[in-house]
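Participant: Sharing work.pdb below, PDB, C-alpha atoms:
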ATOM      1  CA  MET Q   1     115.411  17.906 108.908
ATOM      2  CA  PRO Q   2     115.475  14.113 108.416
ATOM      3  CA  THR Q   3     112.534  12.427 106.723
ATOM      4  CA  HIS Q   4     110.884   9.031 106.623
ATOM      5  CA  GLN Q   5     108.382   7.331 104.366
ATOM      6  CA  ALA Q   6     104.733   7.100 105.348
ATOM      7  CA  VAL Q   7     101.471   6.215 103.647
ATOM      8  CA  HIS Q   8      98.969   9.060 103.338
ATOM      9  CA  VAL Q   9      95.253   9.129 102.577
ATOM     10  CA  GLN Q  10      94.647  12.706 101.515
ATOM     11  CA  ALA Q  11      90.856  12.783 101.994
ATOM     12  CA  PRO Q  12      87.961  10.376 102.614
ATOM     13  CA  GLY Q  13      87.859   7.672  99.959
ATOM     14  CA  GLU Q  14      91.165   8.695  98.409
ATOM     15  CA  PRO Q  15      93.850   6.109  97.546
ATOM     16  CA  LEU Q  16      96.804   5.197  99.735
ATOM     17  CA  THR Q  17      99.989   6.931  98.558
ATOM     18  CA  LEU Q  18     103.587   6.678  99.764
ATOM     19  CA  VAL Q  19     105.139  10.043 100.666
ATOM     20  CA  ASP Q  20     108.134  11.490 102.491
ATOM     21  CA  VAL Q  21     107.376  13.301 105.761
ATOM     22  CA  GLU Q  22     109.558  15.100 108.275
ATOM     23  CA  THR Q  23     110.837  13.054 111.212
ATOM     24  CA  GLU Q  24     110.306  15.090 114.365
ATOM     25  CA  SER Q  25     111.576  14.407 117.868
ATOM     26  CA  PRO Q  26     108.931  13.193 120.337
ATOM     27  CA  PRO Q  27     107.378  15.638 122.805
ATOM     28  CA  ARG Q  28     107.282  15.120 126.556
ATOM     29  CA  ASP Q  29     105.934  11.728 127.706
ATOM     30  CA  HIS Q  30     106.135  10.358 124.164
ATOM     31  CA  VAL Q  31     108.541   8.109 122.290
ATOM     32  CA  ARG Q  32     109.396   7.734 118.638
ATOM     33  CA  ILE Q  33     109.316   4.175 117.300
ATOM     34  CA  ALA Q  34     111.243   2.869 114.306
ATOM     35  CA  VAL Q  35     108.464   0.724 112.879
ATOM     36  CA  SER Q  36     109.369  -2.806 111.800
ATOM     37  CA  ALA Q  37     105.867  -4.145 111.110
ATOM     38  CA  CYS Q  38     102.277  -2.919 111.083
ATOM     39  CA  GLY Q  39      99.134  -4.987 110.675
ATOM     40  CA  VAL Q  40      96.317  -4.082 108.301
ATOM     41  CA  CYS Q  41      92.992  -4.144 110.177
ATOM     42  CA  GLY Q  42      89.411  -4.165 108.939
ATOM     43  CA  THR Q  43      88.769  -0.988 110.938
ATOM     44  CA  ASP Q  44      91.206   0.781 108.622
ATOM     45  CA  HIS Q  45      88.389   0.807 106.055
ATOM     46  CA  ALA Q  46      86.309   2.993 108.381
ATOM     47  CA  PHE Q  47      89.201   5.437 108.685
ATOM     48  CA  VAL Q  48      89.681   5.631 104.918
ATOM     49  CA  SER Q  49      85.948   6.243 104.580
ATOM     50  CA  GLY Q  50      86.058   9.077 107.123
ATOM     51  CA  ALA Q  51      83.557   7.277 109.347
ATOM     52  CA  PHE Q  52      84.950   8.497 112.669
ATOM     53  CA  PRO Q  53      84.310  11.986 114.098
ATOM     54  CA  GLU Q  54      86.906  14.742 114.261
ATOM     55  CA  MET Q  55      89.354  13.107 111.871
ATOM     56  CA  SER Q  56      92.185  15.131 110.348
ATOM     57  CA  TRP Q  57      93.720  14.764 106.902
ATOM     58  CA  PRO Q  58      96.004  13.611 105.435
ATOM     59  CA  LEU Q  59      95.654  10.401 107.394
ATOM     60  CA  THR Q  60      98.258   7.731 108.105
ATOM     61  CA  LEU Q  61      96.610   4.395 108.882
ATOM     62  CA  GLY Q  62      97.856   1.662 111.189
ATOM     63  CA  HIS Q  63      97.099   0.610 114.777
ATOM     64  CA  GLU Q  64      98.912  -2.744 114.928
ATOM     65  CA  ILE Q  65     102.437  -1.405 115.334
ATOM     66  CA  ALA Q  66     105.624  -3.247 116.291
ATOM     67  CA  GLY Q  67     109.166  -1.893 116.315
ATOM     68  CA  THR Q  68     111.973  -0.497 118.451
ATOM     69  CA  ILE Q  69     112.209   2.755 120.359
ATOM     70  CA  ALA Q  70     114.361   5.162 118.385
ATOM     71  CA  GLU Q  71     114.051   8.287 120.542
ATOM     72  CA  LEU Q  72     112.731   9.236 123.983
ATOM     73  CA  GLY Q  73     110.835  12.383 124.893
ATOM     74  CA  ALA Q  74     111.383  14.230 128.150
ATOM     75  CA  GLY Q  75     109.933  12.514 131.203
ATOM     76  CA  VAL Q  76     110.133   8.960 129.824
ATOM     77  CA  ASP Q  77     112.381   7.031 132.194
ATOM     78  CA  ASN Q  78     110.927   3.504 132.132
ATOM     79  CA  TYR Q  79     111.959   2.709 128.549
ATOM     80  CA  ALA Q  80     115.230   2.849 126.661
ATOM     81  CA  VAL Q  81     116.275   3.332 123.062
ATOM     82  CA  GLY Q  82     116.287  -0.085 121.409
ATOM     83  CA  ASP Q  83     113.448  -1.558 123.477
ATOM     84  CA  ARG Q  84     111.082  -3.765 121.436
ATOM     85  CA  VAL Q  85     107.548  -2.406 121.784
ATOM     86  CA  GLY Q  86     104.118  -2.611 120.248
ATOM     87  CA  VAL Q  87     101.123  -0.279 120.088
ATOM     88  CA  GLY Q  88      97.584  -1.406 119.280
ATOM     89  CA  TRP Q  89      94.159   0.230 119.096
ATOM     90  CA  PHE Q  90      94.859   1.463 122.615
ATOM     91  CA  GLY Q  91      97.194   4.307 121.784
ATOM     92  CA  GLY Q  92      97.320   6.185 125.068
ATOM     93  CA  HIS Q  93      95.063   7.496 127.834
ATOM     94  CA  CYS Q  94      94.694  10.834 129.612
ATOM     95  CA  ASN Q  95      94.928   9.506 133.210
ATOM     96  CA  GLN Q  96      92.602  12.334 134.321
ATOM     97  CA  CYS Q  97      89.026  11.451 133.329
ATOM     98  CA  ILE Q  98      86.772   9.385 135.604
ATOM     99  CA  PRO Q  99      87.297   6.062 133.735
ATOM    100  CA  CYS Q 100      91.062   6.562 133.984
ATOM    101  CA  ARG Q 101      90.825   7.431 137.669
ATOM    102  CA  LYS Q 102      88.915   4.164 138.143
ATOM    103  CA  GLY Q 103      91.677   2.300 136.321
ATOM    104  CA  THR Q 104      89.532   1.402 133.297
ATOM    105  CA  PHE Q 105      91.904   2.996 130.812
ATOM    106  CA  ILE Q 106      90.367   1.399 127.711
ATOM    107  CA  TYR Q 107      87.264   3.550 128.351
ATOM    108  CA  CYS Q 108      89.254   6.786 128.624
ATOM    109  CA  GLU Q 109      87.157   9.738 127.501
ATOM    110  CA  LYS Q 110      90.163  11.010 125.543
ATOM    111  CA  LEU Q 111      91.434   7.629 124.343
ATOM    112  CA  GLN Q 112      94.198   8.006 121.780
ATOM    113  CA  VAL Q 113      93.999   5.719 118.737
ATOM    114  CA  PRO Q 114      96.847   5.584 116.202
ATOM    115  CA  SER Q 115      95.720   6.991 112.835
ATOM    116  CA  TRP Q 116      92.764   8.751 114.490
ATOM    117  CA  GLN Q 117      94.320  11.066 117.067
ATOM    118  CA  TYR Q 118      97.843  10.871 115.613
ATOM    119  CA  PRO Q 119      99.562   9.380 112.536
ATOM    120  CA  GLY Q 120      99.603   5.584 112.601
ATOM    121  CA  GLY Q 121     102.006   2.800 111.740
ATOM    122  CA  TYR Q 122     101.850   2.594 107.946
ATOM    123  CA  ALA Q 123     105.177   4.395 108.181
ATOM    124  CA  GLU Q 124     108.844   3.930 108.941
ATOM    125  CA  SER Q 125     108.509   6.056 112.084
ATOM    126  CA  VAL Q 126     105.674   6.817 114.499
ATOM    127  CA  THR Q 127     105.475   8.942 117.653
ATOM    128  CA  VAL Q 128     103.217   7.678 120.443
ATOM    129  CA  PRO Q 129     102.424   8.359 124.111
ATOM    130  CA  ALA Q 130     104.652   6.271 126.363
ATOM    131  CA  ASN Q 131     101.634   4.897 128.236
ATOM    132  CA  ALA Q 132     100.518   3.180 125.008
ATOM    133  CA  LEU Q 133     103.566   0.900 124.853
ATOM    134  CA  ALA Q 134     103.475  -2.869 125.270
ATOM    135  CA  ARG Q 135     106.763  -4.719 125.600
ATOM    136  CA  ILE Q 136     107.250  -7.458 122.992
ATOM    137  CA  PRO Q 137     108.618 -10.787 124.271
ATOM    138  CA  SER Q 138     111.880 -11.876 122.687
ATOM    139  CA  GLU Q 139     110.186 -15.070 121.446
ATOM    140  CA  LEU Q 140     107.965 -13.116 119.041
ATOM    141  CA  SER Q 141     109.103 -11.552 115.788
ATOM    142  CA  PHE Q 142     107.816  -8.092 114.923
ATOM    143  CA  THR Q 143     105.489  -9.515 112.265
ATOM    144  CA  GLU Q 144     104.098 -11.999 114.786
ATOM    145  CA  ALA Q 145     103.637  -9.321 117.429
ATOM    146  CA  ALA Q 146     101.940  -6.663 115.299
ATOM    147  CA  PRO Q 147      98.490  -8.331 114.828
ATOM    148  CA  LEU Q 148      98.328  -9.169 118.533
ATOM    149  CA  GLY Q 149      98.051  -5.443 119.333
ATOM    150  CA  CYS Q 150      94.488  -5.323 118.011
ATOM    151  CA  ALA Q 151      93.060  -8.572 116.603
ATOM    152  CA  GLY Q 152      94.919 -10.635 119.196
ATOM    153  CA  VAL Q 153      94.131  -8.664 122.338
ATOM    154  CA  THR Q 154      90.529  -8.089 121.265
ATOM    155  CA  THR Q 155      89.754 -11.812 121.016
ATOM    156  CA  PHE Q 156      91.974 -12.991 123.886
ATOM    157  CA  ASP Q 157      90.779 -10.386 126.363
ATOM    158  CA  ALA Q 158      87.131 -10.865 125.367
ATOM    159  CA  LEU Q 159      87.307 -14.626 125.941
ATOM    160  CA  ARG Q 160      89.124 -14.443 129.271
ATOM    161  CA  LYS Q 161      86.580 -11.952 130.634
ATOM    162  CA  THR Q 162      83.597 -14.251 130.039
ATOM    163  CA  ARG Q 163      82.319 -16.620 132.717
ATOM    164  CA  ALA Q 164      83.366 -19.677 130.696
ATOM    165  CA  VAL Q 165      85.754 -22.114 132.351
ATOM    166  CA  PRO Q 166      87.967 -24.808 130.775
ATOM    167  CA  GLY Q 167      85.809 -27.621 129.431
ATOM    168  CA  ASP Q 168      82.880 -25.345 128.552
ATOM    169  CA  ARG Q 169      81.697 -25.141 124.954
ATOM    170  CA  VAL Q 170      82.548 -21.828 123.291
ATOM    171  CA  ALA Q 171      81.713 -20.807 119.730
ATOM    172  CA  ILE Q 172      83.585 -18.360 117.515
ATOM    173  CA  LEU Q 173      81.355 -16.714 114.931
ATOM    174  CA  GLY Q 174      83.424 -15.820 111.861
ATOM    175  CA  ILE Q 175      86.819 -17.077 110.759
ATOM    176  CA  GLY Q 176      88.627 -14.015 109.511
ATOM    177  CA  GLY Q 177      91.267 -11.652 110.822
ATOM    178  CA  LEU Q 178      89.727 -11.729 114.315
ATOM    179  CA  GLY Q 179      88.043 -15.117 114.290
ATOM    180  CA  HIS Q 180      91.034 -17.199 113.227
ATOM    181  CA  LEU Q 181      92.804 -15.949 116.363
ATOM    182  CA  GLY Q 182      89.671 -16.411 118.461
ATOM    183  CA  VAL Q 183      89.498 -20.100 117.514
ATOM    184  CA  GLN Q 184      93.143 -20.601 118.484
ATOM    185  CA  PHE Q 185      92.797 -18.773 121.796
ATOM    186  CA  ALA Q 186      89.596 -20.643 122.686
ATOM    187  CA  ARG Q 187      91.283 -23.998 122.079
ATOM    188  CA  ALA Q 188      94.382 -22.944 124.032
ATOM    189  CA  MET Q 189      92.203 -21.814 126.972
ATOM    190  CA  GLY Q 190      90.742 -25.295 127.274
ATOM    191  CA  PHE Q 191      87.318 -24.669 125.757
ATOM    192  CA  GLU Q 192      85.493 -27.157 123.560
ATOM    193  CA  THR Q 193      85.707 -24.925 120.531
ATOM    194  CA  ILE Q 194      83.097 -24.510 117.805
ATOM    195  CA  ALA Q 195      83.815 -22.442 114.705
ATOM    196  CA  ILE Q 196      80.928 -20.924 112.748
ATOM    197  CA  ALA Q 197      81.385 -19.491 109.260
ATOM    198  CA  ARG Q 198      79.766 -19.309 105.846
ATOM    199  CA  GLY Q 199      80.375 -22.284 103.544
ATOM    200  CA  ALA Q 200      81.793 -25.766 103.853
ATOM    201  CA  ASP Q 201      85.145 -24.612 102.455
ATOM    202  CA  LYS Q 202      86.125 -23.100 105.826
ATOM    203  CA  ALA Q 203      85.836 -26.414 107.695
ATOM    204  CA  ASP Q 204      89.399 -27.618 107.084
ATOM    205  CA  ASP Q 205      90.891 -24.276 108.116
ATOM    206  CA  ALA Q 206      88.738 -24.215 111.235
ATOM    207  CA  ARG Q 207      89.966 -27.616 112.338
ATOM    208  CA  GLN Q 208      93.579 -26.771 111.550
ATOM    209  CA  LEU Q 209      93.212 -23.700 113.753
ATOM    210  CA  GLY Q 210      91.995 -25.893 116.604
ATOM    211  CA  ALA Q 211      88.190 -26.089 116.352
ATOM    212  CA  HIS Q 212      86.648 -29.309 117.642
ATOM    213  CA  HIS Q 213      83.474 -28.687 115.599
ATOM    214  CA  TYR Q 214      82.504 -26.659 112.538
ATOM    215  CA  ILE Q 215      79.101 -25.218 111.657
ATOM    216  CA  ASP Q 216      78.358 -23.999 108.147
ATOM    217  CA  SER Q 217      75.955 -21.118 108.722
ATOM    218  CA  THR Q 218      74.546 -21.484 105.203
ATOM    219  CA  ALA Q 219      73.531 -25.116 105.749
ATOM    220  CA  GLY Q 220      70.734 -24.556 108.259
ATOM    221  CA  ASP Q 221      69.665 -22.961 111.519
ATOM    222  CA  VAL Q 222      72.800 -22.100 113.506
ATOM    223  CA  SER Q 223      71.060 -22.107 116.882
ATOM    224  CA  GLU Q 224      69.711 -25.598 116.209
ATOM    225  CA  ALA Q 225      73.198 -26.775 115.251
ATOM    226  CA  LEU Q 226      74.596 -25.348 118.498
ATOM    227  CA  ARG Q 227      71.857 -27.000 120.540
ATOM    228  CA  ALA Q 228      72.588 -30.322 118.801
ATOM    229  CA  LEU Q 229      76.124 -30.063 120.210
ATOM    230  CA  GLY Q 230      74.730 -29.424 123.694
ATOM    231  CA  GLY Q 231      74.511 -25.630 123.589
ATOM    232  CA  VAL Q 232      77.298 -23.163 124.307
ATOM    233  CA  SER Q 233      78.295 -21.001 127.244
ATOM    234  CA  VAL Q 234      79.729 -18.244 125.063
ATOM    235  CA  VAL Q 235      79.595 -17.064 121.481
ATOM    236  CA  LEU Q 236      82.337 -14.637 120.479
ATOM    237  CA  GLY Q 237      80.888 -12.650 117.592
ATOM    238  CA  THR Q 238      83.821 -11.629 115.392
ATOM    239  CA  ALA Q 239      81.871 -11.390 112.129
ATOM    240  CA  ALA Q 240      80.699  -7.844 111.406
ATOM    241  CA  ASN Q 241      77.196  -9.116 110.651
ATOM    242  CA  SER Q 242      74.319  -8.321 113.010
ATOM    243  CA  LYS Q 243      71.957 -10.865 111.446
ATOM    244  CA  ALA Q 244      74.530 -13.643 111.914
ATOM    245  CA  MET Q 245      75.070 -12.622 115.544
ATOM    246  CA  GLY Q 246      71.349 -12.604 116.216
ATOM    247  CA  ALA Q 247      71.066 -16.098 114.756
ATOM    248  CA  VAL Q 248      73.275 -17.662 117.469
ATOM    249  CA  VAL Q 249      71.391 -16.474 120.550
ATOM    250  CA  GLY Q 250      69.085 -19.491 120.573
ATOM    251  CA  GLY Q 251      72.109 -21.755 120.882
ATOM    252  CA  LEU Q 252      73.283 -20.237 124.164
ATOM    253  CA  LEU Q 253      72.856 -22.143 127.403
ATOM    254  CA  PRO Q 254      71.038 -20.467 130.326
ATOM    255  CA  LEU Q 255      73.171 -17.572 131.593
ATOM    256  CA  GLY Q 256      75.126 -17.773 128.336
ATOM    257  CA  GLU Q 257      76.933 -14.828 126.808
ATOM    258  CA  LEU Q 258      77.123 -13.322 123.343
ATOM    259  CA  THR Q 259      80.253 -11.167 123.341
ATOM    260  CA  VAL Q 260      80.360  -8.809 120.368
ATOM    261  CA  VAL Q 261      83.659  -7.649 118.872
ATOM    262  CA  GLY Q 262      82.703  -7.491 115.176
ATOM    263  CA  VAL Q 263      81.974  -3.851 114.358
ATOM    264  CA  THR Q 264      78.826  -2.967 112.428
ATOM    265  CA  PRO Q 265      76.337  -0.071 112.735
ATOM    266  CA  ASP Q 266      73.353  -2.368 112.108
ATOM    267  CA  PRO Q 267      71.075  -3.206 115.076
ATOM    268  CA  LEU Q 268      71.093  -6.731 116.495
ATOM    269  CA  PRO Q 269      67.848  -8.602 115.696
ATOM    270  CA  ILE Q 270      67.313  -9.956 119.218
ATOM    271  CA  SER Q 271      64.072  -9.860 121.217
ATOM    272  CA  PRO Q 272      63.888  -9.294 124.981
ATOM    273  CA  LEU Q 273      62.141 -12.671 125.284
ATOM    274  CA  GLN Q 274      65.281 -14.383 123.949
ATOM    275  CA  LEU Q 275      67.291 -12.750 126.723
ATOM    276  CA  ILE Q 276      64.969 -12.753 129.723
ATOM    277  CA  THR Q 277      63.830 -16.370 129.978
ATOM    278  CA  PRO Q 278      67.321 -17.975 129.771
ATOM    279  CA  GLY Q 279      69.061 -15.033 131.450
ATOM    280  CA  VAL Q 280      71.310 -14.502 128.429
ATOM    281  CA  ASN Q 281      73.765 -11.575 128.303
ATOM    282  CA  VAL Q 282      74.813  -9.609 125.231
ATOM    283  CA  THR Q 283      78.018  -7.647 125.789
ATOM    284  CA  GLY Q 284      80.157  -5.422 123.632
ATOM    285  CA  HIS Q 285      83.898  -5.682 124.151
ATOM    286  CA  PRO Q 286      86.454  -3.085 123.051
ATOM    287  CA  SER Q 287      90.132  -3.834 122.520
ATOM    288  CA  GLY Q 288      92.563  -3.928 125.464
ATOM    289  CA  THR Q 289      95.070  -1.733 127.260
ATOM    290  CA  ALA Q 290      98.828  -1.820 126.775
ATOM    291  CA  ARG Q 291      99.108  -4.280 129.677
ATOM    292  CA  ASP Q 292      96.395  -6.457 128.119
ATOM    293  CA  VAL Q 293      98.435  -6.505 124.902
ATOM    294  CA  GLU Q 294     101.503  -7.618 126.849
ATOM    295  CA  GLU Q 295      99.526 -10.424 128.486
ATOM    296  CA  THR Q 296      98.110 -11.448 125.105
ATOM    297  CA  MET Q 297     101.614 -11.735 123.684
ATOM    298  CA  GLN Q 298     102.845 -13.665 126.719
ATOM    299  CA  PHE Q 299      99.959 -16.124 126.371
ATOM    300  CA  ALA Q 300     100.703 -16.474 122.647
ATOM    301  CA  VAL Q 301     104.295 -17.396 123.506
ATOM    302  CA  LEU Q 302     103.143 -20.001 126.048
ATOM    303  CA  SER Q 303     100.398 -21.496 123.885
ATOM    304  CA  GLY Q 304     101.838 -21.222 120.369
ATOM    305  CA  VAL Q 305      98.959 -19.080 119.115
ATOM    306  CA  ARG Q 306     100.013 -17.060 116.069
ATOM    307  CA  ALA Q 307      98.225 -14.969 113.482
ATOM    308  CA  ARG Q 308      98.336 -16.359 109.976
ATOM    309  CA  ILE Q 309      99.854 -13.504 108.045
ATOM    310  CA  GLU Q 310     100.834 -12.368 104.587
ATOM    311  CA  GLU Q 311     103.742  -9.928 104.559
ATOM    312  CA  ARG Q 312     104.016  -6.995 102.159
ATOM    313  CA  PRO Q 313     106.569  -4.160 102.093
ATOM    314  CA  LEU Q 314     105.424  -0.660 102.999
ATOM    315  CA  SER Q 315     105.641   0.266  99.313
ATOM    316  CA  GLU Q 316     102.789  -2.200  98.664
ATOM    317  CA  ALA Q 317     100.499  -0.837 101.374
ATOM    318  CA  ALA Q 318      97.728  -0.047  98.885
ATOM    319  CA  GLU Q 319      97.764  -3.641  97.599
ATOM    320  CA  ALA Q 320      97.766  -5.060 101.143
ATOM    321  CA  TYR Q 321      94.856  -2.813 102.105
ATOM    322  CA  ALA Q 322      92.926  -3.902  98.989
ATOM    323  CA  ALA Q 323      93.483  -7.574  99.858
ATOM    324  CA  MET Q 324      92.034  -6.952 103.311
ATOM    325  CA  GLU Q 325      89.114  -4.897 102.019
ATOM    326  CA  GLU Q 326      88.197  -7.445  99.341
ATOM    327  CA  GLY Q 327      88.406 -10.426 101.690
ATOM    328  CA  ARG Q 328      91.452 -11.962  99.984
ATOM    329  CA  ALA Q 329      93.672 -11.846 103.084
ATOM    330  CA  ARG Q 330      94.323 -15.218 104.773
ATOM    331  CA  TYR Q 331      94.132 -14.043 107.450
ATOM    332  CA  ARG Q 332      96.043 -10.891 108.362
ATOM    333  CA  MET Q 333      98.071  -8.609 106.109
ATOM    334  CA  VAL Q 334     101.222  -7.201 107.743
ATOM    335  CA  LEU Q 335     103.362  -4.415 106.299
ATOM    336  CA  THR Q 336     107.113  -4.626 106.866
ATOM    337  CA  MET Q 337     109.580  -1.753 106.849
TER     338      MET Q 337
END
Just dump the structure as structure tokens.
Facilitator:
Amino acid sequence: MPTHQAVHVQAPGEPLTLVDVETESPPRDHVRIAVSACGVCGTDHAFVSGAFPEMSWPLTLGHEIAGTIAELGAGVDNYAVGDRVGVGWFGGHCNQCIPCRKGTFIYCEKLQVPSWQYPGGYAESVTVPANALARIPSELSFTEAAPLGCAGVTTFDALRKTRAVPGDRVAILGIGGLGHLGVQFARAMGFETIAIARGADKADDARQLGAHHYIDSTAGDVSEALRALGGVSVVLGTAANSKAMGAVVGGLLPLGELTVVGVTPDPLPISPLQLITPGVNVTGHPSGTARDVEETMQFAVLSGVRARIEERPLSEAAEAYAAMEEGRARYRMVLTM
């Protein structure tokens, strides 16, 4: 049987190792993708740590996948070998549970996530459900497309589902793998964009990414700084820091929204009084469906939004993962095959 290279994590907390695995044909309603690029996401740390329930080992990380279809399973008639496709956090849905029957596929009770329910994209080949596929526009390279399957769609879809309209002030909390895309999308959507991060050294990057204003969260009260700019309609919380997210609520305008995409288990330090009087909303936002990923990529083509990436070959997956984990990535590590 033919084989391909993949990165394995043998058990929680174990190192990433490159191994040879058997290349199997896809089952019904699945396709096999020849992977060209795969992004390294902060959530990968939770997988390596064994933080999710019902995980199986060895584990192959990777849910920002871009490549070409190499093989079709039975029943797949809307794709062809050679099609350029991506797969993000949304790795397939059951189409039978109540959320699926309502059309809210991202909330599927049996949502498939690459590396959780099946081996992910730190590999030369990956087999995925056909309903997870997003078509990649010809204007995007595989390395450009890969981060849009998770970091891109998460920020883009979160922003477009707020009540903010062009001309409103919108703040992006955190300038990292998610936030650096959030700043670009906010500017491209016509928002007066405010970037919030720790330290004055991020100011130049924030403005290069498109921010009209920069707030150093270590220099004073963030809510006061937001109010000094006139207050904001939306804060997109990309930083995985509950205290930092709680600190922005006072800067929201009446009926403002804090949309949370930065993952942390810590509770938000927000009082009901902060929410009730101004009618403020706090909302969690997951990633997006395969169609949402397609629309994210199409908007990126139209607007010029791109992830800032560092490329590493699959053989250097452990080094790329370490750069992400240690905060050395500027701003997204992408493995190439």
Participant: Give as a list in words the residues that the PyMOL selection byres ((chain Q and resi 139) around 10) matches when applied to the coordinates above.
Facilitator: Ile136, Pro137, Ser138, Leu140, Ser141, Phe142, Glu144, Ala145, Met297, Gln298, Ala300, Val301 and Leu302 of chain Q
Participant: Using the chain letters and residue numbers of this document, give as a list of chain:residue names the residues selected by the PyMOL selection byres ((chain Q and resi 130) around 6).
Facilitator: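 On this input, the PyMOL selection byres ((chain Q and resi 130) around 6) captures Q:Asp29, Q:His30, Q:Val31, Q:Pro129, Q:Asn131, Q:Ala132, Q:Leu133.
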Participant: With distances taken over only C-alpha atoms, which residue among Q:Glu124, Q:Glu316, Q:Glu294, Q:Asp168 lies nearest Thr23 (chain Q)?
Facilitator: Q:Glu124
Participant: Would you kindly translate the PyMOL selection byres ((chain Q and resi 191) around 12) into the concrete residues it picks from this file, as a VMD selection string?
Facilitator: chain Q and resid 159 to 160 162 to 172 182 to 190 192 to 195 210 to 213 232 to 235
Participant: Rank nothing, just name the residue among Q:Arg135, Q:Arg308, Q:His180, Q:Lys102 nearest to Ile196 (chain Q), using all atoms listed in the file.
Facilitator: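 The shortest atom-to-atom distance to Ile196 (chain Q) comes from Q:His180.
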Participant: Hey, what's within 12 Å of Arg312 (chain Q) if we count all atoms listed in the file and toss same-chain stuff fewer than 2 positions away? As a PyMOL selection string, please?
Facilitator: chain Q and resi 36-40+122+143+309-310+314-323+329+332-337
Participant: Once you've located region 24-35 of chain Q in the structure I gave, write it as an mmCIF file, in the first residue's frame, keeping N, CA, C and O atoms.
Facilitator:
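This went into selection-v4.cif:
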data_model
loop_
_atom_site.group_PDB
_atom_site.id
_atom_site.type_symbol
_atom_site.label_atom_id
_atom_site.label_comp_id
_atom_site.auth_asym_id
_atom_site.auth_seq_id
_atom_site.Cartn_x
_atom_site.Cartn_y
_atom_site.Cartn_z
ATOM 1 N N GLU Q 24 -4.815 5.604 2.420
ATOM 2 C CA GLU Q 24 -6.010 4.818 2.106
ATOM 3 C C GLU Q 24 -6.956 5.610 1.215
ATOM 4 O O GLU Q 24 -6.982 6.832 1.247
ATOM 5 N N SER Q 25 -7.737 4.899 0.420
ATOM 6 C CA SER Q 25 -8.737 5.542 -0.422
ATOM 7 C C SER Q 25 -9.876 6.075 0.436
ATOM 8 O O SER Q 25 -10.206 5.494 1.476
ATOM 9 N N PRO Q 26 -10.510 7.173 0.028
ATOM 10 C CA PRO Q 26 -11.570 7.761 0.850
ATOM 11 C C PRO Q 26 -12.842 6.927 0.826
ATOM 12 O O PRO Q 26 -13.187 6.334 -0.205
ATOM 13 N N PRO Q 27 -13.560 6.894 1.945
ATOM 14 C CA PRO Q 27 -14.853 6.191 1.963
ATOM 15 C C PRO Q 27 -15.926 7.020 1.276
ATOM 16 O O PRO Q 27 -15.671 8.115 0.758
ATOM 17 N N ARG Q 28 -17.119 6.500 1.274
ATOM 18 C CA ARG Q 28 -18.258 7.180 0.630
ATOM 19 C C ARG Q 28 -18.432 8.587 1.206
ATOM 20 O O ARG Q 28 -18.301 8.797 2.416
ATOM 21 N N ASP Q 29 -18.741 9.531 0.324
ATOM 22 C CA ASP Q 29 -19.010 10.932 0.682
ATOM 23 C C ASP Q 29 -17.790 11.654 1.242
ATOM 24 O O ASP Q 29 -17.932 12.704 1.893
ATOM 25 N N HIS Q 30 -16.614 11.110 0.988
ATOM 26 C CA HIS Q 30 -15.365 11.733 1.416
ATOM 27 C C HIS Q 30 -14.459 11.941 0.200
ATOM 28 O O HIS Q 30 -14.662 11.329 -0.857
ATOM 29 N N VAL Q 31 -13.461 12.786 0.379
ATOM 30 C CA VAL Q 31 -12.419 12.947 -0.634
ATOM 31 C C VAL Q 31 -11.060 12.894 0.057
ATOM 32 O O VAL Q 31 -10.946 13.171 1.249
ATOM 33 N N ARG Q 32 -10.068 12.540 -0.730
ATOM 34 C CA ARG Q 32 -8.687 12.601 -0.230
ATOM 35 C C ARG Q 32 -8.011 13.808 -0.881
ATOM 36 O O ARG Q 32 -8.085 13.993 -2.096
ATOM 37 N N ILE Q 33 -7.378 14.623 -0.048
ATOM 38 C CA ILE Q 33 -6.709 15.838 -0.504
ATOM 39 C C ILE Q 33 -5.198 15.649 -0.446
ATOM 40 O O ILE Q 33 -4.665 15.171 0.565
ATOM 41 N N ALA Q 34 -4.524 16.017 -1.547
ATOM 42 C CA ALA Q 34 -3.067 16.153 -1.515
ATOM 43 C C ALA Q 34 -2.785 17.530 -0.929
ATOM 44 O O ALA Q 34 -3.060 18.558 -1.564
ATOM 45 N N VAL Q 35 -2.286 17.556 0.283
ATOM 46 C CA VAL Q 35 -2.122 18.807 1.019
ATOM 47 C C VAL Q 35 -0.942 19.595 0.458
ATOM 48 O O VAL Q 35 0.147 19.041 0.266
#
